[in-house]
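Text of protein_30.txt, listed as compact mmCIF, C-alpha atoms:
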# COMPACT_ATOMS: atom_id res chain seq x y z
CA MET A 1496 116.35 117.52 127.22
CA TYR A 1497 119.39 119.71 126.55
CA SER A 1498 120.03 119.76 122.81
CA ASP A 1499 116.65 121.30 121.98
CA SER A 1500 117.05 124.06 124.61
CA SER A 1501 113.87 122.95 126.39
CA CYS A 1502 115.98 122.99 129.55
CA LEU A 1503 117.33 126.41 130.45
CA ALA A 1504 118.50 125.63 133.99
CA ALA A 1505 120.02 122.59 135.67
CA VAL A 1506 119.71 122.55 139.46
CA PHE A 1507 121.80 120.22 141.60
CA ASP A 1508 121.31 119.06 145.16
CA ILE A 1509 125.15 118.69 145.40
CA ASP A 1510 125.45 115.95 148.06
CA GLY A 1511 124.97 112.64 146.28
CA THR A 1512 124.52 114.32 142.91
CA LEU A 1513 127.88 116.07 142.47
CA ILE A 1514 129.87 115.20 145.59
CA ASP A 1515 130.00 111.55 146.62
CA SER A 1516 129.24 112.17 150.29
CA MET A 1517 125.97 110.44 151.05
CA GLU A 1518 127.32 107.25 152.60
CA GLU A 1519 129.10 109.37 155.19
CA TRP A 1520 125.96 111.46 155.74
CA ARG A 1521 123.88 108.35 156.45
CA PHE A 1522 126.05 107.72 159.51
CA ALA A 1523 127.01 111.30 160.42
CA SER A 1524 124.33 111.65 163.11
CA GLU A 1525 125.27 108.35 164.70
CA ARG A 1526 128.96 109.29 164.72
CA TYR A 1527 128.13 112.64 166.26
CA LEU A 1528 126.28 110.94 169.13
CA MET A 1529 129.25 108.62 169.61
CA SER A 1530 131.60 111.61 169.79
CA LEU A 1531 129.51 112.86 172.73
CA GLY A 1532 129.65 109.49 174.43
CA LEU A 1533 125.89 108.93 173.99
CA PRO A 1534 124.35 105.52 173.20
CA THR A 1535 123.21 105.23 169.59
CA ASN A 1536 120.92 102.22 169.89
CA ALA A 1537 118.00 104.31 171.22
CA VAL A 1538 117.40 106.06 167.90
CA ASP A 1539 117.72 104.76 164.34
CA THR A 1540 119.35 107.81 162.78
CA VAL A 1541 120.23 105.96 159.56
CA GLN A 1542 116.63 105.02 158.86
CA ALA A 1543 115.50 108.54 159.72
CA PHE A 1544 118.09 110.08 157.40
CA ASP A 1545 117.08 107.79 154.55
CA SER A 1546 113.44 108.77 155.03
CA GLY A 1547 113.80 112.53 155.50
CA GLY A 1548 117.41 113.66 155.57
CA LEU A 1549 119.20 115.37 158.42
CA ARG A 1550 116.13 117.33 159.52
CA LEU A 1551 114.24 114.13 160.28
CA ALA A 1552 117.30 112.48 161.83
CA SER A 1553 117.80 115.48 164.12
CA LYS A 1554 114.13 115.39 165.12
CA ARG A 1555 114.45 111.72 166.12
CA ILE A 1556 117.61 112.45 168.10
CA LEU A 1557 115.92 115.24 170.07
CA GLU A 1558 113.04 112.93 170.98
CA VAL A 1559 115.61 110.86 172.89
CA TYR A 1560 118.20 113.52 173.77
CA PRO A 1561 116.35 116.85 174.12
CA GLN A 1562 119.41 118.37 175.81
CA LEU A 1563 121.11 118.49 172.41
CA GLY A 1564 118.62 121.06 171.13
CA PRO A 1565 117.52 123.36 169.81
CA ARG A 1566 117.11 121.57 166.51
CA GLU A 1567 118.96 124.08 164.34
CA SER A 1568 121.95 124.00 166.69
CA LEU A 1569 122.06 120.21 166.49
CA ILE A 1570 121.89 120.31 162.70
CA ASP A 1571 124.69 122.88 162.64
CA ALA A 1572 126.88 120.74 164.89
CA ILE A 1573 126.41 117.55 162.85
CA THR A 1574 126.94 119.41 159.58
CA THR A 1575 130.11 121.16 160.79
CA SER A 1576 131.56 117.80 161.86
CA THR A 1577 131.71 116.78 158.18
CA LEU A 1578 133.74 119.82 157.02
CA PRO A 1579 137.17 118.11 156.92
CA LEU A 1580 135.82 115.52 154.49
CA TYR A 1581 134.57 118.18 152.08
CA ARG A 1582 137.79 120.13 152.36
CA ASP A 1583 140.12 117.16 151.94
CA SER A 1584 138.69 113.95 150.55
CA PHE A 1585 135.13 113.56 149.23
CA PRO A 1586 135.35 112.64 145.51
CA GLU A 1587 133.01 113.75 142.74
CA ILE A 1588 130.22 111.58 141.41
CA PRO A 1589 131.75 109.98 138.27
CA HIS A 1590 132.07 112.49 135.40
CA ALA A 1591 130.13 115.19 137.29
CA LEU A 1592 132.66 117.92 136.48
CA ASP A 1593 132.72 116.93 132.80
CA PHE A 1594 128.93 117.17 132.72
CA LEU A 1595 128.85 120.56 134.43
CA GLN A 1596 131.43 121.90 132.00
CA LYS A 1597 129.42 120.68 129.01
CA LEU A 1598 126.24 122.31 130.31
CA HIS A 1599 128.11 125.54 130.99
CA GLN A 1600 129.50 125.52 127.45
CA GLU A 1601 125.98 125.07 126.11
CA GLY A 1602 124.80 128.16 127.95
CA ILE A 1603 122.57 126.31 130.39
CA THR A 1604 122.28 128.07 133.75
CA LEU A 1605 123.79 126.04 136.57
CA CYS A 1606 122.22 126.42 140.00
CA ALA A 1607 122.43 124.47 143.23
CA LEU A 1608 119.80 123.97 145.90
CA THR A 1609 121.11 122.35 149.04
CA ALA A 1610 120.17 121.77 152.66
CA ASN A 1611 123.87 121.76 153.51
CA HIS A 1612 125.77 124.83 154.74
CA ARG A 1613 127.81 127.31 152.74
CA GLN A 1614 130.92 126.94 154.89
CA VAL A 1615 130.86 123.16 154.38
CA ILE A 1616 129.83 122.85 150.73
CA GLU A 1617 131.93 125.55 149.11
CA PRO A 1618 135.35 124.16 150.13
CA GLY A 1619 134.36 120.86 148.51
CA LEU A 1620 133.05 122.45 145.33
CA SER A 1621 136.15 124.62 145.11
CA ARG A 1622 138.53 121.69 145.55
CA LEU A 1623 136.69 119.79 142.80
CA ASN A 1624 136.84 122.85 140.46
CA MET A 1625 133.04 123.09 140.29
CA LEU A 1626 132.33 126.28 142.22
CA PRO A 1627 133.06 128.82 139.43
CA LEU A 1628 130.58 127.11 137.09
CA PHE A 1629 127.52 127.98 139.20
CA SER A 1630 125.57 131.17 138.71
CA ASN A 1631 123.74 130.70 142.00
CA ILE A 1632 123.84 128.41 145.03
CA LEU A 1633 120.76 128.48 147.25
CA TYR A 1634 121.13 127.26 150.82
CA CYS A 1635 117.87 126.19 152.44
CA GLY A 1636 118.89 127.60 155.81
CA GLU A 1637 119.72 130.99 154.32
CA ILE A 1638 116.49 131.28 152.33
CA SER A 1639 114.39 129.82 155.19
CA LYS A 1640 112.87 127.15 152.94
CA THR A 1641 112.83 123.36 153.18
CA LYS A 1642 112.92 120.38 150.88
CA GLU A 1643 110.48 118.63 153.19
CA ASP A 1644 107.76 120.18 151.02
CA THR A 1645 107.86 122.11 147.73
CA SER A 1646 108.83 125.48 149.26
CA ALA A 1647 112.56 125.30 148.50
CA TYR A 1648 111.89 124.17 144.94
CA ASP A 1649 109.26 126.87 144.42
CA TYR A 1650 111.72 129.49 145.66
CA CYS A 1651 114.43 128.16 143.33
CA ILE A 1652 112.12 128.28 140.31
CA LYS A 1653 111.08 131.85 141.15
CA THR A 1654 114.73 132.89 141.58
CA LEU A 1655 115.60 131.45 138.18
CA GLY A 1656 112.67 133.27 136.60
CA LEU A 1657 111.67 130.24 134.56
CA SER A 1658 108.68 127.97 134.33
CA PRO A 1659 109.14 124.73 136.30
CA ALA A 1660 109.19 122.74 133.05
CA ARG A 1661 112.34 124.60 131.96
CA CYS A 1662 114.22 123.45 135.09
CA VAL A 1663 115.79 120.04 135.63
CA MET A 1664 116.43 119.10 139.25
CA PHE A 1665 119.10 116.51 140.10
CA GLU A 1666 118.29 114.72 143.36
CA ASP A 1667 119.55 111.58 145.06
CA GLN A 1668 116.90 111.05 147.73
CA PRO A 1669 113.45 109.71 146.74
CA TRP A 1670 111.52 111.93 149.18
CA ALA A 1671 113.27 115.04 147.84
CA ALA A 1672 112.78 113.96 144.22
CA ALA A 1673 109.06 113.55 144.91
CA ASN A 1674 108.79 117.12 146.19
CA ALA A 1675 110.78 118.52 143.26
CA LYS A 1676 108.44 116.68 140.90
CA ALA A 1677 105.43 118.04 142.78
CA ALA A 1678 106.81 121.55 142.20
CA GLY A 1679 106.63 120.88 138.47
CA MET A 1680 110.32 120.36 137.74
CA HIS A 1681 111.76 117.62 135.58
CA VAL A 1682 113.77 115.39 137.91
CA VAL A 1683 116.87 113.30 137.29
CA GLY A 1684 117.72 110.83 140.03
CA VAL A 1685 121.36 110.04 140.79
CA CYS A 1686 122.00 106.72 142.50
CA LYS A 1687 124.69 104.05 142.59
CA LYS A 1688 123.76 100.72 141.06
CA THR A 1689 124.84 99.10 144.32
CA ASP A 1690 121.79 100.62 146.05
CA PRO A 1691 118.85 98.86 144.34
CA LYS A 1692 116.28 99.83 146.96
CA ARG A 1693 116.90 103.57 146.55
CA LEU A 1694 117.27 103.13 142.80
CA SER A 1695 113.80 101.60 142.63
CA ALA A 1696 112.30 104.33 144.82
CA LEU A 1697 113.87 107.09 142.70
CA THR A 1698 112.45 105.52 139.54
CA GLU A 1699 108.94 106.14 140.89
CA HIS A 1700 109.52 109.91 141.14
CA CYS A 1701 112.07 110.78 138.46
CA ASN A 1702 111.93 111.29 134.71
CA LEU A 1703 115.31 109.57 134.46
CA VAL A 1704 117.72 107.86 136.86
CA ILE A 1705 121.49 107.65 136.29
CA SER A 1706 124.45 106.27 138.21
CA ASP A 1707 127.19 108.06 136.26
CA TYR A 1708 127.10 111.31 134.28
CA ILE A 1709 128.69 109.52 131.36
CA ASP A 1710 125.13 108.30 130.69
CA LEU A 1711 123.95 111.86 130.02
CA LEU A 1712 127.12 112.90 128.22
CA GLU A 1713 126.60 110.06 125.75
CA MET A 1714 122.88 110.71 125.48
CA TYR A 1715 122.87 114.44 124.86
CA PHE A 1716 126.32 115.46 123.62
CA GLU A 1717 128.12 114.39 120.48
CA SER A 1718 131.60 114.21 122.01
CA PRO A 1719 131.40 112.49 125.38
CA VAL A 1720 134.45 112.05 127.57
CA GLU A 1721 136.12 108.69 127.73
CA ALA A 1722 134.88 106.39 130.46
Before we go any further, please render this structure as C-alpha cells.
Amino acid sequence: MYSDSSCLAAVFDIDGTLIDSMEEWRFASERYLMSLGLPTNAVDTVQAFDSGGLRLASKRILEVYPQLGPRESLIDAITTSTLPLYRDSFPEIPHALDFLQKLHQEGITLCALTANHRQVIEPGLSRLNMLPLFSNILYCGEISKTKEDTSAYDYCIKTLGLSPARCVMFEDQPWAAANAKAAGMHVVGVCKKTDPKRLSALTEHCNLVISDYIDLLEMYFESPVEA
C-alpha cells in the first residue's frame, strides 16, 4: 500500500481520523439546542449525525426549529461552538502524528478533505504539530462540494492530479467511506474497538479498518514507534 509506491497521496478526513473529536460531535447539535434553551427531545440529532453528519443533523433540526435557519448559518453556529475544544483539548487518534511523519518522510503527499471549518480545524492541527505536514487542506464549504455524494472526493482527486487508485482516503463514518469508495479511492476506516456497530459498517465499505495507527506503522514500516 505504501512501500511499493502504489499510493502517492494519503487523504484524511481529520475529525475521527486524526483528531479524536467525534464523540463530542455526536452531541454537538444537541448541546447547541440546549444552549438556546430549546427542547432536544423533538429531534434525534445523534442518530441524524451518525447517518449523515452535521448536514443531516442540521436538516433535522430545521424541520422542527425553522427559525434557526438558514441551514449554512446553523451549521456555522454549531461548528464554531466546538472551537475551544480544538484549540485546547482534543487529543490525537493514537499514533496519528507518528504515522503522518512516516508518510511525509516517504514522500507521500498528505492532503485533508474535511466538512469542518478552517478556523476550527487549523488551531487543533497546529496544536498537535500536524498542520505543517499537509500540502493541501480542502474544506468542503470553501470548494462548494459535499461528502453526501462523490463530488468532494472527485474534486480532491482532480486537485491531486492522480488516478483515484493512487489515493487512499481515511474516513471514520460509514456513509462517507461508501462515497469515497464510489469515487474510486482506496479507503481506510478508522474506528475505536469500543464501537462495534460502526466498526462493522465501516468494514463493508473499506479496504482496511484500523483503531490505532500503530497497526499501519507495523504493517508498512520497518521501524514502528513503541506502543
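The residue that comes closest to Gly1548 of chain A, out of A:Glu1518, A:Glu1666, A:Glu1643, A:Glu1713 and on the basis of all atoms listed in the file, is A:Glu1643.
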Distance query Ile1588 of chain A at most 6 Å, only C-alpha atoms, self and fewer than 6 positions along chain excluded, as a short mmCIF file (atom, residue, chain, number, x, y, z; two decimals) with C-alpha atoms, in the frame of the given file:
data_model
loop_
_atom_site.label_atom_id
_atom_site.label_comp_id
_atom_site.auth_asym_id
_atom_site.auth_seq_id
_atom_site.Cartn_x
_atom_site.Cartn_y
_atom_site.Cartn_z
CA LEU A 1513 127.88 116.07 142.47
CA ILE A 1514 129.87 115.20 145.59
CA ASP A 1515 130.00 111.55 146.62
#
Take every atom of segment 1520-1535 of chain A listed in the file, fit an axis-aligned box around them, add 4 Å per side, and give the centre and edge lengths in Å to one decimal as lines of an AutoDock Vina configuration file.
center_x = 127.4
center_y = 109.0
center_z = 165.1
size_x = 16.4
size_y = 15.6
size_z = 26.7
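Shortest atom-to-atom contact with Asp1539 of chain A among A:Gln1596, A:Ile1556, A:Ala1660, A:Val1506: A:Ile1556, counting only C-alpha atoms.
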Subject >> Who sits within 10 Å of Gln1542 of chain A, all atoms listed in the file, same chain under 6 positions skipped, as a ChimeraX atom specification >> reply: /A:1521-1522,1548,1551-1552
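The residues that lie within 12 Å of the point (113.1, 125.4, 153.0), counting only C-alpha atoms, are Arg1550, Leu1608, Thr1609, Ala1610, Asn1611, Leu1633, Tyr1634, Cys1635, Gly1636, Glu1637, Ile1638, Ser1639, Lys1640, Thr1641, Lys1642, Glu1643, Asp1644, Thr1645, Ser1646, Ala1647, Tyr1648, Asp1649, Tyr1650, Cys1651, Ala1671 and Asn1674 of chain A.
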Original post:
Using only C-alpha atoms, which residue out of A:Asp1583, A:Asp1571, A:Asp1508, A:Asp1707 lies closest to Leu1623 of chain A?
Top reply: A:Asp1583
Original post:
Using all atoms listed in the file, which residues sit within 10 Å of Tyr1560 of chain A once same-chain residues fewer than 4 positions away are excluded, as a PyMOL selection string?
Top reply: chain A and resi 1528+1533+1537-1538+1553-1556+1564
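Atom CA of Leu1592 of chain A is found 13.9 Å from atom CA of Cys1606 of chain A.
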Original post:
So what do you get for atom CA of Gln1668 of chain A versus atom CA of Leu1563 of chain A, distance-wise?
Top reply: 26.1 Å
Subject >> Non-local contacts of Pro1627 of chain A (12 Å; only C-alpha atoms; under 5 positions in same chain excluded) as a PyMOL selection string >> reply: chain A and resi 1592+1595-1596+1599+1605-1606+1617-1618+1620-1622+1632
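Going from atom CA of Ser1546 of chain A over to atom CA of Leu1580 of chain A, you cover 23.4 Å.
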Residues within 10 Å of Ser1658 of chain A, please, as a PDB file with C-alpha atoms, in the frame of the given file. Count all atoms listed in the file; anything in the same chain fewer than 4 positions from it doesn't count.
ATOM      1  CA  LEU A1503     117.330 126.410 130.450  1.00  0.00           C
ATOM      2  CA  ILE A1652     112.120 128.280 140.310  1.00  0.00           C
ATOM      3  CA  LYS A1653     111.080 131.850 141.150  1.00  0.00           C
ATOM      4  CA  CYS A1662     114.220 123.450 135.090  1.00  0.00           C
ATOM      5  CA  GLY A1679     106.630 120.880 138.470  1.00  0.00           C
ATOM      6  CA  MET A1680     110.320 120.360 137.740  1.00  0.00           C
TER       7      MET A1680
END
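The nearest approach to Gln1562 of chain A among the residues A:Phe1507, A:Ala1523, A:Leu1531, A:Pro1586, with only C-alpha atoms taken into account, belongs to A:Leu1531.
Of the listed residues A:Gly1602, A:Gly1511, A:Glu1525, A:Ala1696, the one whose atoms come nearest to Ile1573 of chain A is A:Glu1525, with distances taken using all atoms listed in the file.
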